[in-house]
Amino acid sequence: MKAFRNALVCDTPPKDQRFQRCVGELVSAQAAGNTQALAVAHGSAVLTYGELEASANQLAHHLLSLGLESEATVGLCLGHSLNFVIAALGILKAGGAYLPLDPTYPVERLTLMLEDAGALFLVTDSRQQPCLANGPWKTVALDGDAQIFAGASTSAPAIPIKPSNLAYLIYTSGSTGCPKAVEISHGSLSNLVFWHQRVFGVSARDRAPFMAAVGFDAAVWELWPYLAAGASLHLPSDKAIYTVPESLRDWLVQQRITIGFVPTPLAEQMMNLEWPPETALRIMLTGADTLHEYPSPKLPFQLVNNYGPTECTVVATSGFVERANRPGILPSIGRPIDNTQVHILDENLEQVPAGTVGELYIGGAGVARGYRNRPDLTAEKFVPDPFSSNPEARLYRTGDFGSYLDDGQIAFAGRADDQLKIRGHRVETNEIIAVLGRHPAVQSSMGVPGG
């Protein structure tokens with residue numbers, strides 16, 4: 001039986017000039033035409049596009065005055081805040097690559113990430129600065145040093161940024177016991193942004209939540225497609241909103257959110273709630289775990305299931321979930337996004353027939369450069385693409401299994417290893433074992449087969 005190879009390739013013309021424009025330039029264009037439009041809101045604190053643009057530009061100029069060079073890694077430890085959005089944008093505008101650090105992580109892990117990534121700068125605030133002060137990086141505390149760069153230019157710095165330049169690094173769990181940093185370019189990020197805006201019809205009228213943990217790649221997806229379209233971001237203030245389905249529903253309705261991401265376990269609970277008729281939500285995006293349920297016809301929004309490893313710029317496949325119950329059949333993970341190829345292969349890297357389970361390999365615009373300082377693991381996971389005429393093209397070997405459906409969509413079929421998902425985060429059990437083994441009270445530690 002013929003494999004659905006052609007059905008699993010989605011391409012946008014490679015000469016499309018949009019893909020030469022990077023996120024910083026896109027946000028600047030929105031600010032130029034919508035200076036007073038709402039960009040970010042966190043309770044009563046708000047930023048207009050003009051304020052976001054001016055503050056990000058001032059930070060960019062300050063970082064450049066400190067010696068920041070193209071693609072230099074800048075740690076960003078601020079948590080959910082207006083300042084996080086300003087700083088991430090400012091780092092990109094200065095030509096740096098931002099490394100999001102979740103301030104809820106242990107200081108030892110944050111320090112390890114900064115050191116491993118070779119961070120030359122750290123943007124933080126006075127609450128986090130004392131914990132992360134010891135290191136070779138130059139620290140900028142936004143709440144303490146703001147007066148230092150308040151006089152900097154509010155115009156965007158004239159820094160040439162190419163699609164091939166590095167945009168951000170983000171850490172995932174490592175099977176050897178140490179986390180590993182994935183390197184994502186501006187071109188890969190722009191591909192995600194333009195696909196998202198096209199498929200979901202994102203405009204300046206949209207209102208989206210910024211809720212994902214900043215160290216989770218879903219936070220990248222929550223930021224840039226909306227700011228690049230002139231839409232507004234909204235940050236919850238109540239912690240219950242992050243975990244209690246009823247609280248999140250009420251907040252989404254009150255804030256008139258129109259499109260947003262909700263991790264799969266929480267989304268499944270919210271699908272079973274009653275929704276008021278005045279709900280503005282038109283699309284609920286979900287992912288990061290296996291979806292087991294189909295949406296009810298009564299829901300006022302459409303549900304979109306998404307799949308993608310961090311190594312492929314957040315999303316690799318996506319699909320609207322039909323409003324029908326199909327007992328015993330899980331919702332699919334959709335089809336490849338723009339400029340992305342998904343191949344389902346056997347152990348000989350041969351395409352499998354429809355209905356046969358094989359390993360998912362992902363190619364195209366979203367594939368990362370590789371892992372920072374891990375050439376061995378990069379070579380193992382990012383393999384030459386035998387289906388491309390470009391000798392430099394690579395496929396990312398996901399370790400996930402799936403099969404072609406009759407209509408060309410992909411059915412997810414689990415993993416090849418013992419990797420776990422905890423609130424959407426990939427966690428390698430070997431990392432847990434390695435950390436336990438370093439405790440002085442533990443003589444030895446090992447995994448339990450099948451456990």
# chains A, B, ... in the order shown; residues from 1 in each chain; ligands from 1
$ select_by_dssp --residues "stretch 54-300 of chain A" --states "alpha helix (DSSP H)" --output "PyMOL selection string"
chain A and resi 54-65+82-93+107-117+129-132+146-149+186-200+218-227+245-254+264-270
$ residues_around --residues "A:Arg394" --least-positions-apart "2" --cutoff "10 Å" --atoms "only C-alpha atoms" --output "list of chain:residue names"
A:Tyr361, A:Ile362, A:Gly363, A:Gly364, A:Val367, A:Ala368, A:Arg369, A:Gly370, A:Ala379, A:Lys381, A:Phe382, A:Val383, A:Pro384, A:Asp385, A:Pro386, A:Phe387, A:Ser388, A:Asn390, A:Pro391, A:Glu392, A:Tyr396, A:Arg397
$ closest_residue --among "A:Gly95, A:Pro100, A:Gly90, A:Gly79" --to "A:Asp125" --atoms "only C-alpha atoms"
A:Gly79
$ closest_atom_pairs --of "stretch 121-203 of chain A" --to "stretch 302-305 of chain A" --cutoff "12 Å" --atoms "only C-alpha atoms" --output "Markdown table"
| residue | atom | partner | partner_atom | distance |
| --- | --- | --- | --- | --- |
| A:His196 | CA | A:Val304 | CA | 11.7 |
| A:Val199 | CA | A:Val304 | CA | 10.9 |
| A:Phe200 | CA | A:Val304 | CA | 9.9 |
$ write_last_selection --atoms "N, CA and C atoms" --output "mmCIF file, in the first residue's frame"
data_model
loop_
_atom_site.group_PDB
_atom_site.id
_atom_site.type_symbol
_atom_site.label_atom_id
_atom_site.label_comp_id
_atom_site.auth_asym_id
_atom_site.auth_seq_id
_atom_site.Cartn_x
_atom_site.Cartn_y
_atom_site.Cartn_z
ATOM 1 N N HIS A 196 0.956 30.188 11.849
ATOM 2 C CA HIS A 196 -0.070 30.383 12.870
ATOM 3 C C HIS A 196 -1.036 31.500 12.475
ATOM 4 N N VAL A 199 -3.303 30.218 9.338
ATOM 5 C CA VAL A 199 -4.284 29.160 9.567
ATOM 6 C C VAL A 199 -5.383 29.607 10.522
ATOM 7 N N PHE A 200 -5.027 30.393 11.533
ATOM 8 C CA PHE A 200 -6.004 30.773 12.548
ATOM 9 C C PHE A 200 -6.543 32.192 12.371
#
$ atom_distance --atom1 "atom CA of A:Ile241" --atom2 "atom CA of A:Ala280"
17.4 Å
$ closest_residue --among "A:Val342, A:Ala37, A:Ala72, A:Val182" --to "A:Ala229" --atoms "only C-alpha atoms"
A:Ala37
$ closest_residue --among "A:Thr73, A:Ser173, A:Thr104, A:Thr154" --to "A:Ala119" --atoms "only C-alpha atoms"
A:Thr73
$ atom_distance --atom1 "atom CA of A:Arg415" --atom2 "atom CA of A:Ser332"
15.5 Å
$ residues_around --residues "stretch 285-300 of chain A" --least-positions-apart "4" --cutoff "6 Å" --atoms "only C-alpha atoms" --output "tab-separated table (two decimals) with C-alpha atoms, in the first residue's frame"
chain	number	residue	atom	x	y	z
A	260	GLY	CA	-5.27	30.51	23.23
A	261	PHE	CA	-3.25	27.45	24.20
A	262	VAL	CA	-4.31	25.12	27.03
A	263	PRO	CA	-2.26	21.97	27.89
A	264	THR	CA	-4.12	18.79	26.98
A	304	VAL	CA	-7.12	22.23	17.52
A	305	ASN	CA	-4.77	19.40	18.44
A	306	ASN	CA	-1.05	20.09	17.95
A	307	TYR	CA	2.12	18.05	18.10
A	323	ARG	CA	-17.02	17.41	16.85
A	325	ASN	CA	-17.26	10.86	19.35
A	330	LEU	CA	-7.91	8.85	19.47
A	424	GLY	CA	3.46	19.11	29.17
$ residues_around --residues "A:Asp238" --least-positions-apart "5" --cutoff "10 Å" --atoms "only C-alpha atoms" --output "PyMOL selection string"
chain A and resi 43+247-248+251
$ write_last_selection --atoms "N, CA and C atoms" --output "PDB file, in the first residue's frame"
ATOM      1  N   GLY A  43      -3.311  42.306  34.875  1.00  0.00           N
ATOM      2  CA  GLY A  43      -4.131  43.012  35.853  1.00  0.00           C
ATOM      3  C   GLY A  43      -4.325  44.454  35.416  1.00  0.00           C
ATOM      4  N   SER A 247     -11.957  28.107  36.989  1.00  0.00           N
ATOM      5  CA  SER A 247     -11.333  29.433  37.123  1.00  0.00           C
ATOM      6  C   SER A 247     -10.772  29.914  35.797  1.00  0.00           C
ATOM      7  N   LEU A 248     -10.145  29.001  35.057  1.00  0.00           N
ATOM      8  CA  LEU A 248      -9.593  29.375  33.764  1.00  0.00           C
ATOM      9  C   LEU A 248     -10.713  29.739  32.791  1.00  0.00           C
ATOM     10  N   TRP A 251     -12.013  33.166  33.613  1.00  0.00           N
ATOM     11  CA  TRP A 251     -11.053  34.215  33.257  1.00  0.00           C
ATOM     12  C   TRP A 251     -11.024  34.431  31.748  1.00  0.00           C
TER      13      TRP A 251
END
